[in-house]
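Heads up, upload25.cif below (mmCIF, C-alpha atoms):
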```cif
data_work
loop_
_atom_site.group_PDB
_atom_site.id
_atom_site.type_symbol
_atom_site.label_atom_id
_atom_site.label_comp_id
_atom_site.auth_asym_id
_atom_site.auth_seq_id
_atom_site.Cartn_x
_atom_site.Cartn_y
_atom_site.Cartn_z
ATOM 1 C CA MET T 100 132.943 101.833 75.732
ATOM 2 C CA HIS T 101 134.856 102.698 72.606
ATOM 3 C CA ASN T 102 137.291 105.357 71.552
ATOM 4 C CA ILE T 103 135.322 106.743 68.576
ATOM 5 C CA ALA T 104 138.294 108.564 67.033
ATOM 6 C CA ALA T 105 140.469 105.463 67.027
ATOM 7 C CA GLY T 106 137.618 103.066 66.369
ATOM 8 C CA ILE T 107 138.910 100.519 68.874
ATOM 9 C CA ASP T 108 138.149 99.434 72.405
ATOM 10 C CA ARG T 109 140.094 101.668 74.748
ATOM 11 C CA TYR T 110 140.315 98.912 77.366
ATOM 12 C CA ASP T 111 142.270 96.618 75.048
ATOM 13 C CA ILE T 112 145.038 98.996 73.974
ATOM 14 C CA ILE T 113 148.546 97.902 74.951
ATOM 15 C CA SER T 114 150.785 100.953 75.132
ATOM 16 C CA PRO T 115 153.559 100.574 72.536
ATOM 17 C CA MET T 116 155.975 102.512 74.726
ATOM 18 C CA MET T 117 155.258 100.504 77.897
ATOM 19 C CA ILE T 118 158.557 99.700 79.588
ATOM 20 C CA ASN T 119 159.516 97.056 82.112
ATOM 21 C CA PRO T 120 160.943 98.927 85.143
ATOM 22 C CA ALA T 121 161.673 95.652 86.923
ATOM 23 C CA ARG T 122 164.010 94.597 84.109
ATOM 24 C CA ARG T 123 165.773 97.953 84.245
ATOM 25 C CA THR T 124 166.301 97.523 87.990
ATOM 26 C CA MET T 125 167.501 93.959 87.401
ATOM 27 C CA TRP T 126 170.241 95.166 85.046
ATOM 28 C CA VAL T 127 171.293 97.899 87.481
ATOM 29 C CA CYS T 128 171.566 95.327 90.280
ATOM 30 C CA ALA T 129 173.460 92.967 87.973
ATOM 31 C CA GLY T 130 175.921 95.774 87.213
ATOM 32 C CA VAL T 131 176.438 96.454 90.918
ATOM 33 C CA THR T 132 176.953 92.720 91.482
ATOM 34 C CA ALA T 133 179.617 92.590 88.783
ATOM 35 C CA ALA T 134 181.343 95.673 90.202
ATOM 36 C CA SER T 135 181.263 94.116 93.681
ATOM 37 C CA VAL T 136 182.828 90.893 92.412
ATOM 38 C CA PHE T 137 185.597 92.975 90.860
ATOM 39 C CA GLY T 138 185.943 94.846 94.160
ATOM 40 C CA ILE T 139 186.658 91.566 95.972
ATOM 41 C CA PHE T 140 189.851 91.109 93.990
ATOM 42 C CA ALA T 141 190.664 94.789 93.476
ATOM 43 C CA PRO T 142 192.973 95.093 96.532
ATOM 44 C CA SER T 143 195.130 92.232 95.233
ATOM 45 C CA ILE T 144 195.067 93.552 91.670
ATOM 46 C CA PHE T 145 196.222 97.014 92.743
ATOM 47 C CA GLY T 146 198.669 95.759 95.357
ATOM 48 C CA MET T 147 196.799 97.053 98.414
ATOM 49 C CA ASP T 148 197.991 95.679 101.752
ATOM 50 C CA GLY T 149 195.308 93.431 103.209
ATOM 51 C CA PHE T 150 195.972 94.692 106.750
ATOM 52 C CA ASN T 151 195.791 98.276 105.558
ATOM 53 C CA GLY T 152 192.184 98.157 104.410
ATOM 54 C CA GLY T 153 192.451 95.552 101.658
ATOM 55 C CA PHE T 154 190.738 92.767 103.603
ATOM 56 C CA ALA T 155 187.998 95.128 104.761
ATOM 57 C CA ILE T 156 187.248 96.203 101.188
ATOM 58 C CA SER T 157 187.178 92.594 99.978
ATOM 59 C CA PHE T 158 184.883 91.514 102.820
ATOM 60 C CA ALA T 159 182.488 94.415 102.217
ATOM 61 C CA CYS T 160 182.411 93.599 98.501
ATOM 62 C CA ILE T 161 181.679 89.929 99.231
ATOM 63 C CA ILE T 162 178.641 90.893 101.323
ATOM 64 C CA LEU T 163 177.491 93.410 98.710
ATOM 65 C CA ALA T 164 177.975 90.925 95.853
ATOM 66 C CA ILE T 165 175.929 88.221 97.592
ATOM 67 C CA THR T 166 173.164 90.673 98.505
ATOM 68 C CA MET T 167 172.921 92.230 95.058
ATOM 69 C CA ALA T 168 173.033 88.813 93.371
ATOM 70 C CA ILE T 169 169.972 87.783 95.383
ATOM 71 C CA VAL T 170 168.222 91.061 94.535
ATOM 72 C CA THR T 171 169.084 90.551 90.851
ATOM 73 C CA ILE T 172 167.486 87.097 90.902
ATOM 74 C CA MET T 173 164.381 88.486 92.601
ATOM 75 C CA TYR T 174 164.006 91.282 90.053
ATOM 76 C CA ALA T 175 164.595 88.845 87.208
ATOM 77 C CA GLY T 176 161.510 86.981 88.425
ATOM 78 C CA ARG T 177 159.551 90.217 88.706
ATOM 79 C CA ALA T 178 160.640 91.275 85.213
ATOM 80 C CA LYS T 179 159.506 87.937 83.801
ATOM 81 C CA SER T 180 156.133 88.294 85.541
ATOM 82 C CA LEU T 181 155.713 91.801 84.147
ATOM 83 C CA ASP T 182 156.629 90.616 80.646
ATOM 84 C CA THR T 183 153.840 88.075 80.979
ATOM 85 C CA MET T 184 151.421 90.844 81.964
ATOM 86 C CA LEU T 185 152.407 93.092 79.076
ATOM 87 C CA ASP T 186 152.124 90.179 76.654
ATOM 88 C CA LYS T 187 148.523 89.693 77.854
ATOM 89 C CA LYS T 188 149.267 86.154 79.057
ATOM 90 C CA ASP T 189 146.934 85.058 81.876
ATOM 91 C CA MET T 190 145.366 88.528 81.632
ATOM 92 C CA LEU T 191 142.227 89.063 83.680
ATOM 93 C CA VAL T 192 141.735 92.663 82.616
ATOM 94 C CA HIS T 193 143.554 95.620 81.057
ATOM 95 C CA TRP T 194 142.127 99.071 81.699
ATOM 96 C CA THR T 195 143.009 102.564 80.535
ATOM 97 C CA TYR T 196 141.200 105.706 81.645
ATOM 98 C CA THR T 197 139.969 109.058 80.482
ATOM 99 C CA ALA T 198 141.820 112.106 81.800
ATOM 100 C CA GLU T 199 138.886 112.926 84.090
ATOM 101 C CA GLU T 200 138.694 109.408 85.509
ATOM 102 C CA TRP T 201 142.396 109.262 86.220
ATOM 103 C CA GLN T 202 142.535 112.715 87.779
ATOM 104 C CA THR T 203 139.689 111.847 90.132
ATOM 105 C CA TYR T 204 141.381 108.595 91.106
ATOM 106 C CA THR T 205 144.762 110.294 91.571
ATOM 107 C CA GLN T 206 143.376 112.729 94.122
ATOM 108 C CA LYS T 207 141.458 110.039 96.028
ATOM 109 C CA ALA T 208 144.414 107.645 96.025
ATOM 110 C CA TYR T 209 146.746 110.365 97.307
ATOM 111 C CA ARG T 210 144.402 111.271 100.155
ATOM 112 C CA ALA T 211 143.863 107.620 101.115
ATOM 113 C CA ASP T 212 147.564 106.736 100.916
ATOM 114 C CA THR T 213 148.549 109.784 102.949
ATOM 115 C CA ARG T 214 145.855 109.080 105.550
ATOM 116 C CA ASP T 215 146.840 105.421 105.963
ATOM 117 C CA LYS T 216 150.565 106.105 106.273
ATOM 118 C CA TRP T 217 150.189 108.965 108.746
ATOM 119 C CA ASN T 218 147.782 106.896 110.856
ATOM 120 C CA LEU T 219 150.388 104.126 110.986
ATOM 121 C CA TYR T 220 153.017 106.750 111.836
ATOM 122 C CA LYS T 221 150.927 107.985 114.764
ATOM 123 C CA LEU T 222 150.523 104.418 116.033
ATOM 124 C CA VAL T 223 154.248 103.680 115.827
ATOM 125 C CA MET T 224 155.217 106.960 117.470
ATOM 126 C CA GLY T 225 152.568 106.496 120.166
ATOM 127 C CA ILE T 226 154.072 103.136 121.116
ATOM 128 C CA THR T 227 157.561 104.666 120.966
ATOM 129 C CA VAL T 228 156.563 107.484 123.327
ATOM 130 C CA ILE T 229 155.156 104.993 125.845
ATOM 131 C CA VAL T 230 158.397 102.981 125.728
ATOM 132 C CA CYS T 231 160.453 106.171 126.157
ATOM 133 C CA ILE T 232 158.400 107.228 129.184
ATOM 134 C CA GLY T 233 158.948 103.808 130.745
ATOM 135 C CA PHE T 234 162.718 104.011 130.264
ATOM 136 C CA PHE T 235 162.800 107.614 131.484
ATOM 137 C CA LEU T 236 160.911 106.742 134.683
ATOM 138 C CA PHE T 237 162.914 103.660 135.606
ATOM 139 C CA HIS T 238 166.300 104.337 134.033
ATOM 140 C CA ARG T 239 166.887 108.016 133.419
ATOM 141 C CA ASP T 240 170.158 107.650 131.464
ATOM 142 C CA SER T 241 168.718 105.046 129.091
ATOM 143 C CA GLY T 242 165.546 107.131 128.843
ATOM 144 C CA ILE T 243 167.454 110.112 127.490
ATOM 145 C CA ILE T 244 169.120 107.910 124.872
ATOM 146 C CA MET T 245 165.730 106.458 123.925
ATOM 147 C CA VAL T 246 164.244 109.943 123.513
ATOM 148 C CA VAL T 247 167.053 110.924 121.145
ATOM 149 C CA MET T 248 166.577 107.695 119.189
ATOM 150 C CA ALA T 249 162.803 108.250 119.078
ATOM 151 C CA LEU T 250 163.281 111.746 117.674
ATOM 152 C CA GLY T 251 165.581 110.351 115.010
ATOM 153 C CA LEU T 252 163.131 107.545 114.199
ATOM 154 C CA GLY T 253 160.224 109.973 114.002
ATOM 155 C CA THR T 254 162.109 112.285 111.673
ATOM 156 C CA LEU T 255 163.221 109.412 109.437
ATOM 157 C CA LEU T 256 159.750 107.864 109.192
ATOM 158 C CA ALA T 257 158.154 111.241 108.476
ATOM 159 C CA ALA T 258 160.657 111.872 105.690
ATOM 160 C CA VAL T 259 159.979 108.432 104.180
ATOM 161 C CA ILE T 260 156.218 109.049 104.237
ATOM 162 C CA LEU T 261 156.558 112.459 102.607
ATOM 163 C CA ILE T 262 158.902 111.157 99.902
ATOM 164 C CA THR T 263 156.930 108.003 99.044
ATOM 165 C CA THR T 264 153.488 109.616 98.999
ATOM 166 C CA THR T 265 154.732 112.580 96.967
ATOM 167 C CA TYR T 266 156.599 110.351 94.508
ATOM 168 C CA ASP T 267 153.600 108.057 93.939
ATOM 169 C CA HIS T 268 151.334 111.076 93.487
ATOM 170 C CA LEU T 269 153.681 112.659 90.949
ATOM 171 C CA GLN T 270 153.899 109.352 89.074
ATOM 172 C CA ASN T 271 150.117 109.263 88.788
ATOM 173 C CA GLU T 272 149.956 112.875 87.684
ATOM 174 C CA ASN T 273 152.762 112.638 85.113
ATOM 175 C CA HIS T 274 151.741 109.386 83.408
ATOM 176 C CA ARG T 275 148.401 108.409 81.966
ATOM 177 C CA GLY T 276 146.548 105.747 83.896
ATOM 178 C CA GLU T 277 146.912 102.145 82.836
ATOM 179 C CA VAL T 278 146.275 98.932 84.759
ATOM 180 C CA PHE T 279 147.007 95.276 84.041
ATOM 181 C CA ILE T 280 145.622 92.600 86.355
ATOM 182 C CA THR T 281 146.567 88.929 86.068
ATOM 183 C CA ARG T 282 146.147 85.905 88.301
ATOM 184 C CA ASN T 283 149.548 86.551 89.886
ATOM 185 C CA GLY T 284 149.672 90.319 90.281
ATOM 186 C CA ALA T 285 148.883 93.781 88.996
ATOM 187 C CA PHE T 286 150.779 96.508 87.178
ATOM 188 C CA VAL T 287 149.231 99.783 88.279
ATOM 189 C CA ASN T 288 150.568 102.801 86.421
ATOM 190 C CA ARG T 289 154.201 101.574 86.291
ATOM 191 C CA GLN T 290 154.133 100.012 89.769
ATOM 192 C CA LEU T 291 154.385 96.226 89.897
ATOM 193 C CA HIS T 292 152.596 94.255 92.622
ATOM 194 C CA LEU T 293 152.927 90.466 92.867
ATOM 195 C CA TRP T 294 150.958 88.227 95.216
ATOM 196 C CA LYS T 295 152.418 84.933 94.036
ATOM 197 C CA GLY T 296 155.960 83.668 94.506
ATOM 198 C CA TRP T 297 158.616 84.293 97.186
ATOM 199 C CA GLY T 298 156.044 83.573 99.913
ATOM 200 C CA ALA T 299 153.640 86.332 98.821
ATOM 201 C CA GLN T 300 149.910 85.827 99.271
ATOM 202 C CA LEU T 301 146.570 87.555 98.754
ATOM 203 C CA ASP T 302 144.978 88.621 102.033
ATOM 204 C CA ASP T 303 141.858 90.591 101.132
ATOM 205 C CA ILE T 304 139.965 92.068 98.175
ATOM 206 C CA GLN T 305 137.184 94.603 98.466
ATOM 207 C CA TYR T 306 135.248 96.832 96.096
ATOM 208 C CA ASN T 307 134.538 100.393 97.165
ATOM 209 C CA GLU T 308 131.440 100.946 95.047
ATOM 210 C CA LYS T 309 131.068 104.590 96.051
ATOM 211 C CA ASP T 310 134.547 105.576 94.835
ATOM 212 C CA ARG T 311 134.668 102.814 92.177
ATOM 213 C CA ILE T 312 137.957 101.449 93.488
ATOM 214 C CA ILE T 313 139.114 97.855 93.971
ATOM 215 C CA GLU T 314 141.305 97.510 97.049
ATOM 216 C CA ILE T 315 143.651 94.529 97.050
ATOM 217 C CA THR T 316 145.687 93.676 100.145
ATOM 218 C CA TYR T 317 148.593 91.257 99.912
ATOM 219 C CA SER T 318 151.603 90.429 102.054
ATOM 220 C CA ILE T 319 155.155 89.230 101.577
ATOM 221 C CA PRO T 320 157.526 87.741 104.164
ATOM 222 C CA SER T 321 160.364 89.765 105.635
ATOM 223 C CA THR T 322 163.088 88.919 108.133
ATOM 224 C CA THR T 323 160.878 89.342 111.209
ATOM 225 C CA MET T 324 157.266 89.520 110.003
ATOM 226 C CA ARG T 325 155.022 89.771 106.950
ATOM 227 C CA ASN T 326 154.869 93.160 105.240
ATOM 228 C CA THR T 327 151.370 94.102 104.102
ATOM 229 C CA PHE T 328 150.560 96.277 101.091
ATOM 230 C CA THR T 329 147.257 97.653 99.824
ATOM 231 C CA ILE T 330 146.825 98.756 96.219
ATOM 232 C CA ARG T 331 143.888 100.770 94.949
ATOM 233 C CA ILE T 332 142.732 100.148 91.393
ATOM 234 C CA PRO T 333 140.115 102.460 89.811
ATOM 235 C CA VAL T 334 137.303 100.905 87.813
ATOM 236 C CA PRO T 335 136.515 102.738 84.542
ATOM 237 C CA ALA T 336 132.963 103.736 83.684
ATOM 238 C CA GLY T 337 130.889 100.831 82.445
ATOM 239 C CA GLN T 338 133.256 98.189 83.815
ATOM 240 C CA ASP T 339 131.513 97.303 87.101
ATOM 241 C CA ALA T 340 130.494 93.849 85.869
ATOM 242 C CA LYS T 341 134.038 93.131 84.711
ATOM 243 C CA ALA T 342 135.396 94.387 88.037
ATOM 244 C CA ARG T 343 133.179 91.970 89.963
ATOM 245 C CA GLU T 344 134.239 89.151 87.659
ATOM 246 C CA VAL T 345 137.913 89.918 88.302
ATOM 247 C CA ILE T 346 137.334 90.113 92.057
ATOM 248 C CA ALA T 347 135.547 86.765 92.043
ATOM 249 C CA GLN T 348 138.419 85.159 90.136
ATOM 250 C CA LEU T 349 141.064 86.599 92.461
ATOM 251 C CA ASN T 350 139.059 85.545 95.501
ATOM 252 C CA GLN T 351 139.017 82.000 94.149
ATOM 253 C CA ILE T 352 142.746 82.080 93.370
ATOM 254 C CA GLY T 353 143.603 83.403 96.821
ATOM 255 C CA GLY T 354 141.156 81.131 98.642
ATOM 256 C CA LEU T 355 139.313 84.157 100.000
ATOM 257 C CA ASN T 356 135.596 84.953 100.070
ATOM 258 C CA THR T 357 133.800 83.757 96.969
ATOM 259 C CA GLU T 358 131.729 86.948 96.772
ATOM 260 C CA PRO T 359 133.233 90.457 96.398
ATOM 261 C CA GLN T 360 132.826 92.567 99.504
ATOM 262 C CA GLY T 361 131.645 96.167 99.445
ATOM 263 C CA ILE T 362 133.191 98.840 101.621
#
```
Structure translated into C-alpha cells:
Amino acid sequence: MHNIAAGIDRYDIISPMMINPARRTMWVCAGVTAASVFGIFAPSIFGMDGFNGGFAISFACIILAITMAIVTIMYAGRAKSLDTMLDKKDMLVHWTYTAEEWQTYTQKAYRADTRDKWNLYKLVMGITVIVCIGFFLFHRDSGIIMVVMALGLGTLLAAVILITTTYDHLQNENHRGEVFITRNGAFVNRQLHLWKGWGAQLDDIQYNEKDRIIEITYSIPSTTMRNTFTIRIPVPAGQDAKAREVIAQLNQIGGLNTEPQGI
C-alpha cells in the first residue's frame, strides 16, 4: 500500500524526528552516578563529621553509585540495540499506520492491557486475603498486621496499574503509531522491548487474526523469578503475509513453534 500524496511506501518511512529514549535515560542515570560518586567524598570535602552523618551519606552514595552504574550500563546496551533498529539493521519489518488503524488498535490495546493487569491484581489480592485469614485465625496479632499490610499492598498495586495503563494509553493517543521489529526486539510506539541479552528470551508468539494483532510474550530474569511481558503489535491492512513471515522468523530465532499460532 502506498501513500499516494508522498509517492512512497508508507511502511518504509523512518521518522526523521525519532528519538532514542533509552539513550536519554542512560545519560540521566550516568549523571546520577556521577553525582553519587561526588556524594561519597562530599562529607570530607565540606568537613562533615563522619560520626555525625558523614559516614551514612558516603555509604548511601556508594550503594547508589554502584546501582546507577549498573543501570547505566544496561541502558547503554538498550540504546545501542535501539540505534540498530532505527538504522534498519537486522530489520524484519517497519510499519506505520493510518489514523483509523492506530485509533482502533489503541482502544483494543488499552482494554486488553487493563483487563490483564486487573485480572492479575485480583489473583494476587485473592492469595493475600487467604494468607491474611490464616494469620488472623491462628495468630490474631500478626493477622491484624497482615491485614494492614495487605491494604497497603492493594492500594499500591492499584495505583501502579492505574498509572501504567493510563500512561501507555496516553502515549498511544498522543503519538502516531510506528513499529520496528528486529531479530532481537521491537520498538512499539516509543517503547523498547528486547528479548535477547541479559538473560531475556522469547516465550510465545501468536497472531490474533480477528483483531489483526501479533502478541509476543518474552521474559527477563529478576532477583527471585522471571518477569513476563506481553506486547501487542497491530498489523496494517495488506500486511498479513508479511506478519506471518515475521512470526515464522521469530519462532525460528526463539526456538518456538515453526508455524504461527492463531488465537
Arg282 (chain T) surroundings by all atoms listed in the file, 9 Å radius, close-in-sequence under 4 positions cut, as number ranges by chain:
T: 189-191, 294-295, 348-349, 352
Quick one: write out the picked residues with C-alpha atoms as a CSV table (one decimal), keeping the file's coordinate frame?
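To be explicit, this is the file written out as part.csv:
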```
chain,number,residue,atom,x,y,z
T,189,ASP,CA,146.9,85.1,81.9
T,190,MET,CA,145.4,88.5,81.6
T,191,LEU,CA,142.2,89.1,83.7
T,294,TRP,CA,151.0,88.2,95.2
T,295,LYS,CA,152.4,84.9,94.0
T,348,GLN,CA,138.4,85.2,90.1
T,349,LEU,CA,141.1,86.6,92.5
T,352,ILE,CA,142.7,82.1,93.4
```
Is it possible to get the axis-aligned box enclosing region 328-335 of chain T (all listed atoms, 8 Å extra per side) as lines of an AutoDock Vina configuration file, with centre and edge lengths in Å rounded to one decimal?
```
center_x = 143.5
center_y = 99.5
center_z = 92.8
size_x = 30.0
size_y = 22.5
size_z = 32.5
```
Ile232 (chain T) surroundings by all atoms listed in the file, 10 Å radius, close-in-sequence under 4 positions cut, as number ranges by chain
T: 227-228, 236-239, 242-243, 245-246
Got a sec: who's within 12 Å of region 308-316 of chain T, counting only C-alpha atoms, leaving out chain neighbours fewer than 4 positions off, as a ChimeraX atom specification?
/T:200-201,203-208,211-212,278,280,284-285,287,292-294,299-304,326-347,349-350,353,355,359-362
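Take CA of Ser321 (chain T) and CA of Asn283 (chain T): the distance between them is 19.4 Å.
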When distances are computed from only C-alpha atoms, which of T:Gly130, T:Pro142, T:Ser157, T:Asn119 shows the smallest separation from Asp186 (chain T)?
T:Asn119
Determine, counting only C-alpha atoms, which protein, DNA and RNA residues have an atom within 8 Å of an atom of Cys160 (chain T); residues of the same chain fewer than 4 positions away are not included. Present the result as a ChimeraX atom specification.
/T:135-136,138-139,156,164
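One distance worth recording is that between CA of Gly251 (chain T) and CA of Phe235 (chain T), which is 16.9 Å.
Taking CA of Glu199 (chain T) and CA of Asp182 (chain T) as the two end points, the separation is 28.7 Å.
With distances taken from (155.2, 108.0, 92.2) and restricted to all atoms listed in the file, the residues inside 12 Å are Thr205, Ala208, Tyr209, Asp212, Leu261, Ile262, Thr263, Thr264, Thr265, Tyr266, Asp267, His268, Leu269, Gln270, Asn271, Glu272, Asn273, His274, Val287, Asn288, Arg289 and Gln290 of chain T.
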9 Å contact set for Ile260 (chain T), all atoms listed in the file, chain neighbours under 6 positions out, as a PyMOL selection string
chain T and resi 213+216-217+220
